[in-house]
>>> print(open('run_34.cif').read())   # mmCIF, C-alpha atoms
data_target
loop_
_atom_site.label_atom_id
_atom_site.label_comp_id
_atom_site.auth_asym_id
_atom_site.auth_seq_id
_atom_site.Cartn_x
_atom_site.Cartn_y
_atom_site.Cartn_z
CA MET A 10 8.04 18.22 0.80
CA GLN A 11 8.65 17.58 4.46
CA ASN A 12 12.17 16.87 5.68
CA ASN A 13 11.41 13.36 6.91
CA PRO A 14 14.02 10.90 8.22
CA ARG A 15 15.25 8.43 5.62
CA LEU A 16 13.69 4.99 6.06
CA THR A 17 14.48 3.51 2.64
CA ASP A 18 17.88 2.90 1.08
CA THR A 19 16.97 3.88 -2.49
CA ASN A 20 20.05 2.17 -3.96
CA ALA A 21 19.09 -1.11 -2.27
CA LEU A 22 15.47 -0.68 -3.37
CA ARG A 23 16.50 -0.15 -7.01
CA ARG A 24 18.81 -3.18 -6.80
CA ASN A 25 16.05 -5.38 -5.35
CA ARG A 26 13.57 -4.25 -7.99
CA ALA A 27 16.09 -4.82 -10.79
CA ARG A 28 16.48 -8.41 -9.60
CA ALA A 29 12.70 -9.04 -9.49
CA ASP A 30 11.32 -11.80 -11.69
CA LEU A 31 8.77 -10.02 -13.88
CA ASN A 32 7.42 -13.36 -15.12
CA THR A 33 6.72 -15.16 -11.83
CA GLY A 34 7.08 -12.54 -9.10
CA MET A 35 4.38 -10.03 -10.03
CA PHE A 36 1.27 -11.95 -8.97
CA LEU A 37 0.40 -9.45 -6.22
CA HIS A 38 0.80 -6.57 -8.66
CA ASP A 39 -1.42 -8.47 -11.11
CA ALA A 40 -4.06 -8.89 -8.39
CA ALA A 41 -3.82 -5.18 -7.52
CA ILE A 42 -4.12 -4.18 -11.19
CA ALA A 43 -7.22 -6.34 -11.64
CA GLU A 44 -8.80 -4.73 -8.57
CA VAL A 45 -7.88 -1.21 -9.79
CA GLN A 46 -9.41 -1.90 -13.20
CA ASP A 47 -12.58 -3.20 -11.56
CA ARG A 48 -12.86 -0.09 -9.39
CA LEU A 49 -12.29 2.23 -12.33
CA SER A 50 -15.06 0.46 -14.24
CA MET A 51 -17.46 1.46 -11.46
CA VAL A 52 -16.54 5.16 -11.68
CA ASN A 53 -18.99 6.92 -13.96
CA ARG A 54 -16.24 8.80 -15.75
CA GLY A 55 -14.03 8.41 -18.78
CA PHE A 56 -10.34 9.22 -18.29
CA THR A 57 -8.36 10.63 -21.21
CA ALA A 58 -5.10 11.68 -19.51
CA PRO A 59 -4.18 9.05 -16.90
CA ALA A 60 -0.85 8.65 -15.11
CA ILE A 61 0.56 5.78 -13.05
CA VAL A 62 3.23 6.06 -10.34
CA THR A 63 5.03 2.77 -9.71
CA GLY A 64 8.34 1.01 -9.27
CA PHE A 65 7.44 -1.55 -11.94
CA SER A 66 6.56 0.34 -15.11
CA ASN A 67 6.34 -2.65 -17.47
CA THR A 68 3.91 -4.46 -15.18
CA TRP A 69 1.66 -1.49 -14.45
CA GLN A 70 1.54 -0.27 -18.05
CA ARG A 71 -0.87 -3.18 -18.59
CA CYS A 72 -3.32 -1.52 -16.22
CA LEU A 73 -3.96 1.39 -18.61
CA PRO A 74 -1.96 1.12 -21.86
CA ASN A 75 -2.51 4.82 -22.68
CA ALA A 76 -1.26 6.05 -19.29
CA LYS A 77 1.93 7.99 -18.64
CA VAL A 78 3.98 5.80 -16.27
CA VAL A 79 6.51 7.44 -13.95
CA ALA A 80 8.84 6.10 -11.27
CA ASP A 81 7.91 6.49 -7.60
CA ASN A 82 10.92 8.68 -6.84
CA ASP A 83 10.86 11.33 -4.10
CA ILE A 84 10.07 13.92 -6.79
CA LEU A 85 7.46 12.61 -9.22
CA ASP A 86 7.82 13.41 -12.91
CA LEU A 87 4.27 14.78 -13.18
CA GLN A 88 3.22 18.19 -14.47
CA SER A 89 0.78 20.31 -12.48
CA GLN A 90 -2.90 19.85 -13.42
CA SER A 91 -2.06 17.62 -16.38
CA HIS A 92 -4.02 14.44 -15.58
CA ASP A 93 -7.61 13.49 -14.88
CA LEU A 94 -6.52 10.23 -13.19
CA VAL A 95 -3.42 9.36 -11.14
CA ILE A 96 -2.84 5.82 -9.85
CA HIS A 97 -0.14 5.04 -7.28
CA GLY A 98 0.70 1.36 -7.69
CA LEU A 99 2.05 -0.62 -4.72
CA GLY A 100 4.92 1.66 -3.79
CA LEU A 101 3.80 3.88 -0.90
CA HIS A 102 5.19 1.47 1.72
CA TRP A 103 8.72 2.37 0.54
CA ALA A 104 8.10 6.15 0.51
CA ASP A 105 9.92 8.19 3.16
CA ASP A 106 7.15 10.80 2.80
CA PRO A 107 3.92 9.06 1.73
CA VAL A 108 1.75 12.14 2.27
CA GLY A 109 4.21 14.09 0.10
CA GLN A 110 3.75 11.51 -2.64
CA ILE A 111 -0.03 11.91 -2.47
CA ILE A 112 0.24 15.72 -2.46
CA GLN A 113 2.31 15.56 -5.64
CA CYS A 114 -0.32 13.29 -7.21
CA ARG A 115 -3.08 15.70 -6.19
CA ARG A 116 -1.21 18.65 -7.70
CA ALA A 117 -0.86 16.70 -10.94
CA LEU A 118 -4.63 16.28 -11.15
CA LYS A 119 -6.94 18.59 -13.02
CA ASP A 120 -9.91 19.94 -11.07
CA ASP A 121 -12.24 17.06 -10.20
CA GLY A 122 -9.55 14.55 -11.17
CA PHE A 123 -9.49 11.11 -9.53
CA PHE A 124 -6.70 9.68 -7.35
CA LEU A 125 -6.44 5.95 -6.61
CA ALA A 126 -3.63 4.33 -4.66
CA VAL A 127 -3.08 0.73 -3.67
CA THR A 128 -0.51 -0.06 -1.00
CA PHE A 129 0.34 -2.80 1.47
CA GLY A 130 -1.35 -2.49 4.87
CA GLY A 131 -0.19 -3.25 8.39
CA LYS A 132 -1.34 -6.88 8.47
CA THR A 133 0.96 -7.74 5.56
CA LEU A 134 3.41 -10.55 6.40
CA HIS A 135 2.53 -10.43 10.10
CA GLU A 136 3.34 -14.15 10.35
CA LEU A 137 6.85 -13.71 8.95
CA ARG A 138 7.52 -10.60 11.03
CA ALA A 139 6.54 -12.36 14.27
CA SER A 140 8.60 -15.46 13.46
CA LEU A 141 11.74 -13.51 12.50
CA ALA A 142 11.49 -11.27 15.56
CA GLN A 143 11.15 -14.16 17.99
CA ALA A 144 13.98 -16.10 16.34
CA GLU A 145 16.34 -13.12 16.35
CA VAL A 146 15.68 -12.38 20.02
CA GLU A 147 16.27 -16.03 20.93
CA ILE A 148 19.49 -16.40 18.92
CA THR A 149 21.12 -12.95 19.12
CA GLY A 150 19.34 -11.22 22.00
CA GLY A 151 18.35 -8.24 19.82
CA LEU A 152 16.21 -7.05 16.91
CA SER A 153 17.00 -5.47 13.55
CA PRO A 154 14.56 -3.86 11.05
CA ARG A 155 13.57 -6.41 8.42
CA ILE A 156 10.23 -5.45 6.86
CA ALA A 157 9.17 -1.96 5.75
CA PRO A 158 6.66 -0.32 8.13
CA MET A 159 3.15 -0.42 6.69
CA GLY A 160 0.29 1.77 7.88
CA GLU A 161 -3.09 0.78 9.26
CA ILE A 162 -6.14 1.66 7.20
CA ARG A 163 -7.22 4.52 9.49
CA ASP A 164 -3.79 6.17 9.34
CA LEU A 165 -3.51 5.74 5.58
CA GLY A 166 -7.01 7.11 5.05
CA ALA A 167 -6.05 10.22 7.03
CA LEU A 168 -3.25 10.88 4.52
CA LEU A 169 -5.87 11.63 1.86
CA GLN A 170 -7.29 14.49 3.91
CA ARG A 171 -3.83 15.79 4.81
CA ALA A 172 -3.02 15.84 1.09
CA GLY A 173 -6.09 18.00 0.38
CA LEU A 174 -8.17 15.45 -1.52
CA ALA A 175 -11.96 15.63 -1.41
CA LEU A 176 -14.39 12.75 -0.76
CA PRO A 177 -11.66 10.46 0.65
CA VAL A 178 -12.32 6.72 0.99
CA ALA A 179 -10.08 3.91 2.28
CA ASP A 180 -10.86 0.21 2.23
CA THR A 181 -8.96 -3.05 2.43
CA VAL A 182 -8.72 -6.31 0.50
CA PRO A 183 -6.98 -9.13 2.43
CA LEU A 184 -5.19 -11.83 0.43
CA LYS A 185 -3.98 -15.15 1.80
CA VAL A 186 -1.23 -17.03 -0.03
CA THR A 187 -0.03 -20.47 1.10
CA TYR A 188 3.40 -22.05 0.69
CA GLU A 189 4.99 -25.41 1.32
CA THR A 190 7.73 -23.84 3.45
CA PRO A 191 8.80 -20.41 4.76
CA TRP A 192 11.84 -20.72 2.47
CA ALA A 193 9.49 -20.69 -0.53
CA LEU A 194 7.84 -17.50 0.80
CA MET A 195 11.19 -15.75 1.21
CA LYS A 196 12.18 -16.79 -2.31
CA ASP A 197 8.92 -15.29 -3.59
CA LEU A 198 9.59 -12.01 -1.77
CA ARG A 199 12.92 -11.72 -3.56
CA ALA A 200 11.17 -12.45 -6.87
CA MET A 201 8.74 -9.61 -6.07
CA GLY A 202 11.61 -7.17 -5.52
CA GLU A 203 10.47 -6.82 -1.90
CA GLY A 204 13.72 -7.67 -0.15
CA ASN A 205 14.87 -5.63 2.83
CA ALA A 206 15.78 -2.10 1.65
CA LEU A 207 15.57 -0.27 4.98
CA VAL A 208 18.36 2.19 5.80
CA ASP A 209 18.84 0.65 9.27
CA ARG A 210 18.75 -2.96 8.10
CA LEU A 211 21.44 -5.42 9.11
CA LYS A 212 24.23 -4.82 6.59
CA ARG A 213 25.65 -8.34 6.82
CA PRO A 214 23.92 -11.63 5.93
CA THR A 215 21.51 -12.87 8.56
CA ARG A 216 22.89 -15.75 10.59
CA ARG A 217 21.67 -19.07 9.24
CA ALA A 218 20.67 -20.12 12.76
CA VAL A 219 18.24 -17.18 12.91
CA LEU A 220 16.61 -18.12 9.60
CA ILE A 221 16.35 -21.80 10.54
CA ARG A 222 14.76 -20.94 13.90
CA ALA A 223 12.38 -18.46 12.25
CA CYS A 224 11.20 -21.17 9.86
CA GLU A 225 10.67 -23.56 12.79
CA ILE A 226 8.59 -20.95 14.64
CA TYR A 227 6.61 -20.13 11.49
CA VAL A 228 5.71 -23.80 10.96
CA GLU A 229 4.95 -24.46 14.64
CA THR A 230 2.75 -21.39 15.00
CA PHE A 231 1.00 -20.94 11.67
CA MET A 232 1.02 -24.16 9.63
CA ASP A 233 -2.46 -25.30 8.62
CA SER A 234 -3.29 -28.45 6.63
CA GLY A 235 0.34 -28.99 5.72
CA ARG A 236 1.01 -25.49 4.34
CA ILE A 237 2.03 -22.17 5.84
CA PRO A 238 -0.04 -19.02 5.17
CA ALA A 239 1.25 -15.56 4.29
CA THR A 240 -1.07 -12.58 4.66
CA PHE A 241 -0.94 -9.67 2.23
CA GLU A 242 -3.28 -6.76 2.95
CA LEU A 243 -4.02 -4.46 0.02
CA ILE A 244 -5.35 -1.05 1.08
CA PHE A 245 -7.06 1.11 -1.54
CA LEU A 246 -7.16 4.89 -1.15
CA THR A 247 -9.36 7.09 -3.34
CA GLY A 248 -10.09 10.80 -3.47
CA TRP A 249 -10.84 13.65 -5.84
CA SER A 250 -9.06 16.87 -6.64
CA PRO A 251 -11.32 19.57 -5.14
CA ASP A 252 -13.85 21.18 -7.47
CA ALA A 253 -16.89 23.41 -6.91
CA SER A 254 -19.15 20.88 -8.64
CA GLN A 255 -18.57 18.25 -5.95
CA PRO A 256 -21.05 17.60 -3.10
CA GLN A 257 -20.39 19.90 -0.16
CA PRO A 258 -21.19 19.20 3.51
CA LEU A 259 -24.07 21.21 4.98
CA ARG A 260 -23.43 23.74 7.73
CA PRO A 261 -24.26 22.44 11.24
CA GLY A 262 -27.86 23.34 12.11
CA SER A 263 -28.95 23.88 8.51
CA ALA A 264 -31.09 20.72 8.21
CA THR A 265 -34.74 21.31 7.28
CA THR A 266 -36.04 17.78 7.98
CA ARG A 267 -36.05 15.96 11.29
CA LEU A 268 -34.21 12.63 11.44
CA ALA A 269 -37.27 11.03 13.04
CA ASP A 270 -39.41 12.03 10.04
CA ALA A 271 -36.85 10.65 7.59
CA LEU A 272 -36.82 7.33 9.45
CA SER A 273 -40.64 7.29 9.88
CA THR A 274 -40.35 6.86 13.62
CA SER A 275 -41.41 8.66 16.76
CA GLU A 276 -39.10 11.11 18.43
CA ILE A 277 -38.46 10.45 22.13
CA LYS A 278 -37.26 13.47 24.03
CA LEU A 279 -34.68 12.78 26.70
CA PRO A 280 -35.26 14.19 30.18
CA LYS A 281 -33.27 17.33 30.94
#
>>> encode(input="run_34.cif", output="structure tokens")
Amino acid sequence: MQNNPRLTDTNALRRNRARADLNTGMFLHDAAIAEVQDRLSMVNRGFTAPAIVTGFSNTWQRCLPNAKVVADNDILDLQSQSHDLVIHGLGLHWADDPVGQIIQCRRALKDDGFFLAVTFGGKTLHELRASLAQAEVEITGGLSPRIAPMGEIRDLGALLQRAGLALPVADTVPLKVTYETPWALMKDLRAMGEGNALVDRLKRPTRRAVLIRACEIYVETFMDSGRIPATFELIFLTGWSPDASQPQPLRPGSATTRLADALSTSEIKLPK
């Protein structure tokens, strides 16, 4: 694993997750699980030795009841080449070394095993981030880290290749949730176990004036039809453990059919 700088306070993360409301706060996990199950149903493959990496084992066990479920710690409790499917469930945004997490998942896969991760993307909570940042600058004259950094789809897709997975694919599913007030959104985030667990977070309670001003900005800027929206972007990453049976790219210049013939069109030569 790479010696990356620490972004996440693991003690704070465990505390936040322990305080999560598993009855009312897991609706995003439920949506992610439903999407994962739908995607697996479209894979022409039966999986007999699945594993799931997550911070919420009871919730994600419902995804595949026969799966081995392990915590998303820095070192994953997965044996080499022991699984034909590994799912990483909504935890990569808290990983100090996300590519290291994917590498460990790939090593746990048998040849031609399937990897599927779902994580939050960069558009997640952009309304709340903008409102808090503006309020903090206005009230205190500075900024403090409040929401975990989340990658864009292109950057996250590149992690699959860096981890050595074949046939990598990344796509996104945007979700829009509406609330009566920003206070209700922040209460929901605590119920999800997604409170601020960054190492460099403000270690004292945020000034009430900052929170009140952030809510005012949120309402002024984003309210629509009497409710405020909150964006959650789910990014899905898939890839396969390399195997000789998989399709291989052709060598450059090895094509035997012209593109014009394949498209049933005339070839127009460009002037030299």
>>> closest_atom_pairs(input="run_34.cif", of="segment 159-274 of chain A", to="segment 36-53 of chain A", cutoff="10 Å", atoms="only C-alpha atoms", output="JSON lines")
{"residue": "A:Val182", "atom": "CA", "partner": "A:Glu44", "partner_atom": "CA", "distance": 9.2}
{"residue": "A:Leu184", "atom": "CA", "partner": "A:Leu37", "partner_atom": "CA", "distance": 9.0}
{"residue": "A:Val186", "atom": "CA", "partner": "A:Leu37", "partner_atom": "CA", "distance": 9.9}
{"residue": "A:Asp197", "atom": "CA", "partner": "A:Phe36", "partner_atom": "CA", "distance": 9.9}
{"residue": "A:Met201", "atom": "CA", "partner": "A:Leu37", "partner_atom": "CA", "distance": 8.3}
{"residue": "A:Phe241", "atom": "CA", "partner": "A:Leu37", "partner_atom": "CA", "distance": 8.6}
{"residue": "A:Leu243", "atom": "CA", "partner": "A:Ala41", "partner_atom": "CA", "distance": 7.6}
{"residue": "A:Ile244", "atom": "CA", "partner": "A:Ala41", "partner_atom": "CA", "distance": 9.7}
{"residue": "A:Phe245", "atom": "CA", "partner": "A:Val45", "partner_atom": "CA", "distance": 8.6}
>>> resolve_selection(input="run_34.cif", expression="the PyMOL selection byres ((chain A and resi 85) around 12)", output="PyMOL selection string")
chain A and resi 10+60-64+77-84+86-89+95+97+104+109-117
>>> atom_distance(input="run_34.cif", atom1="atom CA of Asp209 of chain A", atom2="atom CA of Arg15 of chain A")
9.3 Å
>>> closest_residue(input="run_34.cif", among="A:Asp270, A:Asp30, A:Asp105, A:Asp18", to="Pro158 of chain A", atoms="only C-alpha atoms")
A:Asp105
>>> resolve_selection(input="run_34.cif", expression="the PyMOL selection byres ((chain A and resi 149) around 12)", output="PDB file with C-alpha atoms, in the frame of the given file")
ATOM      1  CA  LEU A 141      11.740 -13.510  12.500  1.00  0.00           C
ATOM      2  CA  ALA A 142      11.490 -11.270  15.560  1.00  0.00           C
ATOM      3  CA  GLN A 143      11.150 -14.160  17.990  1.00  0.00           C
ATOM      4  CA  ALA A 144      13.980 -16.100  16.340  1.00  0.00           C
ATOM      5  CA  GLU A 145      16.340 -13.120  16.350  1.00  0.00           C
ATOM      6  CA  VAL A 146      15.680 -12.380  20.020  1.00  0.00           C
ATOM      7  CA  GLU A 147      16.270 -16.030  20.930  1.00  0.00           C
ATOM      8  CA  ILE A 148      19.490 -16.400  18.920  1.00  0.00           C
ATOM      9  CA  GLY A 150      19.340 -11.220  22.000  1.00  0.00           C
ATOM     10  CA  GLY A 151      18.350  -8.240  19.820  1.00  0.00           C
ATOM     11  CA  LEU A 152      16.210  -7.050  16.910  1.00  0.00           C
ATOM     12  CA  SER A 153      17.000  -5.470  13.550  1.00  0.00           C
ATOM     13  CA  THR A 215      21.510 -12.870   8.560  1.00  0.00           C
ATOM     14  CA  ARG A 216      22.890 -15.750  10.590  1.00  0.00           C
ATOM     15  CA  ARG A 217      21.670 -19.070   9.240  1.00  0.00           C
ATOM     16  CA  ALA A 218      20.670 -20.120  12.760  1.00  0.00           C
ATOM     17  CA  VAL A 219      18.240 -17.180  12.910  1.00  0.00           C
ATOM     18  CA  LEU A 220      16.610 -18.120   9.600  1.00  0.00           C
ATOM     19  CA  ARG A 222      14.760 -20.940  13.900  1.00  0.00           C
TER      20      ARG A 222
END
>>> atom_distance(input="run_34.cif", atom1="atom CA of Gln170 of chain A", atom2="atom CA of Glu242 of chain A")
21.6 Å
>>> closest_residue(input="run_34.cif", among="A:Gly166, A:Pro214, A:Gly122, A:Gly130", to="Pro183 of chain A", atoms="all atoms listed in the file")
A:Gly130
>>> resolve_selection(input="run_34.cif", expression="the PyMOL selection byres ((chain A and resi 26) around 8)", output="number ranges by chain")
A: 22-25, 27-29, 64-65, 201-203
>>> atom_distance(input="run_34.cif", atom1="atom CA of Arg71 of chain A", atom2="atom CA of Thr17 of chain A")
27.0 Å
>>> closest_residue(input="run_34.cif", among="A:Ile156, A:Ala239, A:Ala21, A:Ile96", to="Val127 of chain A", atoms="only C-alpha atoms")
A:Ile96
>>> closest_residue(input="run_34.cif", among="A:Trp103, A:Thr33, A:Thr190, A:Asp120", to="Thr19 of chain A", atoms="all atoms listed in the file")
A:Trp103
>>> residues_around(input="run_34.cif", residues="Asn75 of chain A", least_positions_apart="5", cutoff="12 Å", atoms="only C-alpha atoms", output="MDAnalysis selection string")
chainID A and resid 56:61 69:70 94
>>> write_last_selection(input="run_34.cif", atoms="C-alpha atoms", output="PDB file, in the coordinates of the input")
ATOM      1  CA  PHE A  56     -10.340   9.220 -18.290  1.00  0.00           C
ATOM      2  CA  THR A  57      -8.360  10.630 -21.210  1.00  0.00           C
ATOM      3  CA  ALA A  58      -5.100  11.680 -19.510  1.00  0.00           C
ATOM      4  CA  PRO A  59      -4.180   9.050 -16.900  1.00  0.00           C
ATOM      5  CA  ALA A  60      -0.850   8.650 -15.110  1.00  0.00           C
ATOM      6  CA  ILE A  61       0.560   5.780 -13.050  1.00  0.00           C
ATOM      7  CA  TRP A  69       1.660  -1.490 -14.450  1.00  0.00           C
ATOM      8  CA  GLN A  70       1.540  -0.270 -18.050  1.00  0.00           C
ATOM      9  CA  LEU A  94      -6.520  10.230 -13.190  1.00  0.00           C
TER      10      LEU A  94
END
>>> residues_near_point(input="run_34.cif", point="(5.5, -19.1, 12.5)", cutoff="10 Å", atoms="all atoms listed in the file", output="ChimeraX atom specification")
/A:135-141,143-144,191,222-232,237-239
>>> residues_around(input="run_34.cif", residues="segment 248-257 of chain A", least_positions_apart="5", cutoff="9 Å", atoms="all atoms listed in the file", output="short mmCIF file (atom, residue, chain, number, x, y, z; two decimals) with C-alpha atoms, in the frame of the given file")
data_model
loop_
_atom_site.label_atom_id
_atom_site.label_comp_id
_atom_site.auth_asym_id
_atom_site.auth_seq_id
_atom_site.Cartn_x
_atom_site.Cartn_y
_atom_site.Cartn_z
CA ARG A 115 -3.08 15.70 -6.19
CA ARG A 116 -1.21 18.65 -7.70
CA LEU A 118 -4.63 16.28 -11.15
CA LYS A 119 -6.94 18.59 -13.02
CA ASP A 120 -9.91 19.94 -11.07
CA ASP A 121 -12.24 17.06 -10.20
CA GLY A 122 -9.55 14.55 -11.17
CA PHE A 123 -9.49 11.11 -9.53
CA PHE A 124 -6.70 9.68 -7.35
CA LEU A 125 -6.44 5.95 -6.61
CA LEU A 169 -5.87 11.63 1.86
CA GLN A 170 -7.29 14.49 3.91
CA GLY A 173 -6.09 18.00 0.38
CA LEU A 174 -8.17 15.45 -1.52
CA ALA A 175 -11.96 15.63 -1.41
CA LEU A 176 -14.39 12.75 -0.76
CA PRO A 177 -11.66 10.46 0.65
CA VAL A 178 -12.32 6.72 0.99
CA ALA A 179 -10.08 3.91 2.28
#
>>> closest_residue(input="run_34.cif", among="A:Ile221, A:Leu165, A:Thr68, A:Met35", to="Asp180 of chain A", atoms="only C-alpha atoms")
A:Leu165
>>> build_atoms(input="run_34.cif", residues="segment 69-78 of chain A", atoms="all heavy atoms", output="PDB file, in the coordinates of the input")
ATOM      1  N   TRP A  69       2.824  -2.350 -14.637  1.00  0.00           N
ATOM      2  CA  TRP A  69       1.660  -1.490 -14.450  1.00  0.00           C
ATOM      3  C   TRP A  69       1.193  -0.816 -15.733  1.00  0.00           C
ATOM      4  O   TRP A  69       0.061  -0.325 -15.791  1.00  0.00           O
ATOM      5  CB  TRP A  69       1.946  -0.449 -13.361  1.00  0.00           C
ATOM      6  CG  TRP A  69       1.709  -1.039 -12.009  1.00  0.00           C
ATOM      7  CD1 TRP A  69       2.599  -1.761 -11.250  1.00  0.00           C
ATOM      8  CD2 TRP A  69       0.498  -0.993 -11.260  1.00  0.00           C
ATOM      9  NE1 TRP A  69       2.005  -2.168 -10.087  1.00  0.00           N
ATOM     10  CE2 TRP A  69       0.719  -1.705 -10.052  1.00  0.00           C
ATOM     11  CE3 TRP A  69      -0.740  -0.409 -11.482  1.00  0.00           C
ATOM     12  CZ2 TRP A  69      -0.270  -1.854  -9.082  1.00  0.00           C
ATOM     13  CZ3 TRP A  69      -1.731  -0.546 -10.513  1.00  0.00           C
ATOM     14  CH2 TRP A  69      -1.490  -1.269  -9.334  1.00  0.00           C
ATOM     15  N   GLN A  70       2.009  -0.815 -16.772  1.00  0.00           N
ATOM     16  CA  GLN A  70       1.540  -0.270 -18.050  1.00  0.00           C
ATOM     17  C   GLN A  70       0.345  -1.056 -18.567  1.00  0.00           C
ATOM     18  O   GLN A  70      -0.515  -0.518 -19.274  1.00  0.00           O
ATOM     19  CB  GLN A  70       2.671  -0.310 -19.079  1.00  0.00           C
ATOM     20  CG  GLN A  70       2.345   0.404 -20.383  1.00  0.00           C
ATOM     21  CD  GLN A  70       2.368   1.926 -20.253  1.00  0.00           C
ATOM     22  OE1 GLN A  70       3.428   2.516 -20.116  1.00  0.00           O
ATOM     23  NE2 GLN A  70       1.196   2.554 -20.285  1.00  0.00           N
ATOM     24  N   ARG A  71       0.265  -2.350 -18.169  1.00  0.00           N
ATOM     25  CA  ARG A  71      -0.870  -3.180 -18.590  1.00  0.00           C
ATOM     26  C   ARG A  71      -2.183  -2.711 -17.980  1.00  0.00           C
ATOM     27  O   ARG A  71      -3.255  -3.026 -18.506  1.00  0.00           O
ATOM     28  CB  ARG A  71      -0.620  -4.640 -18.200  1.00  0.00           C
ATOM     29  CG  ARG A  71       0.614  -5.268 -18.837  1.00  0.00           C
ATOM     30  CD  ARG A  71       0.569  -6.784 -18.738  1.00  0.00           C
ATOM     31  NE  ARG A  71       0.546  -7.265 -17.365  1.00  0.00           N
ATOM     32  CZ  ARG A  71       1.631  -7.598 -16.671  1.00  0.00           C
ATOM     33  NH1 ARG A  71       2.832  -7.490 -17.226  1.00  0.00           N
ATOM     34  NH2 ARG A  71       1.536  -8.049 -15.439  1.00  0.00           N
ATOM     35  N   CYS A  72      -2.096  -1.990 -16.879  1.00  0.00           N
ATOM     36  CA  CYS A  72      -3.320  -1.520 -16.220  1.00  0.00           C
ATOM     37  C   CYS A  72      -4.081  -0.567 -17.130  1.00  0.00           C
ATOM     38  O   CYS A  72      -5.297  -0.716 -17.322  1.00  0.00           O
ATOM     39  CB  CYS A  72      -2.963  -0.836 -14.904  1.00  0.00           C
ATOM     40  SG  CYS A  72      -4.376  -0.221 -13.963  1.00  0.00           S
ATOM     41  N   LEU A  73      -3.367   0.418 -17.679  1.00  0.00           N
ATOM     42  CA  LEU A  73      -3.960   1.390 -18.610  1.00  0.00           C
ATOM     43  C   LEU A  73      -2.907   1.661 -19.698  1.00  0.00           C
ATOM     44  O   LEU A  73      -1.988   2.461 -19.484  1.00  0.00           O
ATOM     45  CB  LEU A  73      -4.321   2.692 -17.897  1.00  0.00           C
ATOM     46  CG  LEU A  73      -5.488   2.652 -16.907  1.00  0.00           C
ATOM     47  CD1 LEU A  73      -5.565   3.962 -16.136  1.00  0.00           C
ATOM     48  CD2 LEU A  73      -6.802   2.386 -17.619  1.00  0.00           C
ATOM     49  N   PRO A  74      -3.002   0.995 -20.839  1.00  0.00           N
ATOM     50  CA  PRO A  74      -1.960   1.120 -21.860  1.00  0.00           C
ATOM     51  C   PRO A  74      -1.702   2.549 -22.337  1.00  0.00           C
ATOM     52  O   PRO A  74      -0.607   2.853 -22.807  1.00  0.00           O
ATOM     53  CB  PRO A  74      -2.492   0.244 -23.004  1.00  0.00           C
ATOM     54  CG  PRO A  74      -3.375  -0.766 -22.321  1.00  0.00           C
ATOM     55  CD  PRO A  74      -4.022  -0.015 -21.197  1.00  0.00           C
ATOM     56  N   ASN A  75      -2.703   3.440 -22.202  1.00  0.00           N
ATOM     57  CA  ASN A  75      -2.510   4.820 -22.680  1.00  0.00           C
ATOM     58  C   ASN A  75      -2.013   5.756 -21.584  1.00  0.00           C
ATOM     59  O   ASN A  75      -1.919   6.971 -21.799  1.00  0.00           O
ATOM     60  CB  ASN A  75      -3.825   5.372 -23.243  1.00  0.00           C
ATOM     61  CG  ASN A  75      -4.910   5.491 -22.172  1.00  0.00           C
ATOM     62  OD1 ASN A  75      -4.974   4.662 -21.265  1.00  0.00           O
ATOM     63  ND2 ASN A  75      -5.758   6.510 -22.263  1.00  0.00           N
ATOM     64  N   ALA A  76      -1.672   5.213 -20.413  1.00  0.00           N
ATOM     65  CA  ALA A  76      -1.260   6.050 -19.290  1.00  0.00           C
ATOM     66  C   ALA A  76       0.221   6.438 -19.381  1.00  0.00           C
ATOM     67  O   ALA A  76       1.048   5.683 -19.898  1.00  0.00           O
ATOM     68  CB  ALA A  76      -1.512   5.337 -17.961  1.00  0.00           C
ATOM     69  N   LYS A  77       0.536   7.611 -18.863  1.00  0.00           N
ATOM     70  CA  LYS A  77       1.930   7.990 -18.640  1.00  0.00           C
ATOM     71  C   LYS A  77       2.394   7.295 -17.361  1.00  0.00           C
ATOM     72  O   LYS A  77       1.756   7.425 -16.317  1.00  0.00           O
ATOM     73  CB  LYS A  77       2.067   9.505 -18.481  1.00  0.00           C
ATOM     74  CG  LYS A  77       3.492   9.954 -18.142  1.00  0.00           C
ATOM     75  CD  LYS A  77       3.604  11.461 -17.965  1.00  0.00           C
ATOM     76  CE  LYS A  77       5.030  11.859 -17.617  1.00  0.00           C
ATOM     77  NZ  LYS A  77       5.194  13.326 -17.476  1.00  0.00           N
ATOM     78  N   VAL A  78       3.478   6.541 -17.425  1.00  0.00           N
ATOM     79  CA  VAL A  78       3.980   5.800 -16.270  1.00  0.00           C
ATOM     80  C   VAL A  78       5.268   6.437 -15.798  1.00  0.00           C
ATOM     81  O   VAL A  78       6.213   6.614 -16.590  1.00  0.00           O
ATOM     82  CB  VAL A  78       4.195   4.314 -16.607  1.00  0.00           C
ATOM     83  CG1 VAL A  78       4.695   3.560 -15.377  1.00  0.00           C
ATOM     84  CG2 VAL A  78       2.901   3.683 -17.120  1.00  0.00           C
TER      85      VAL A  78
END
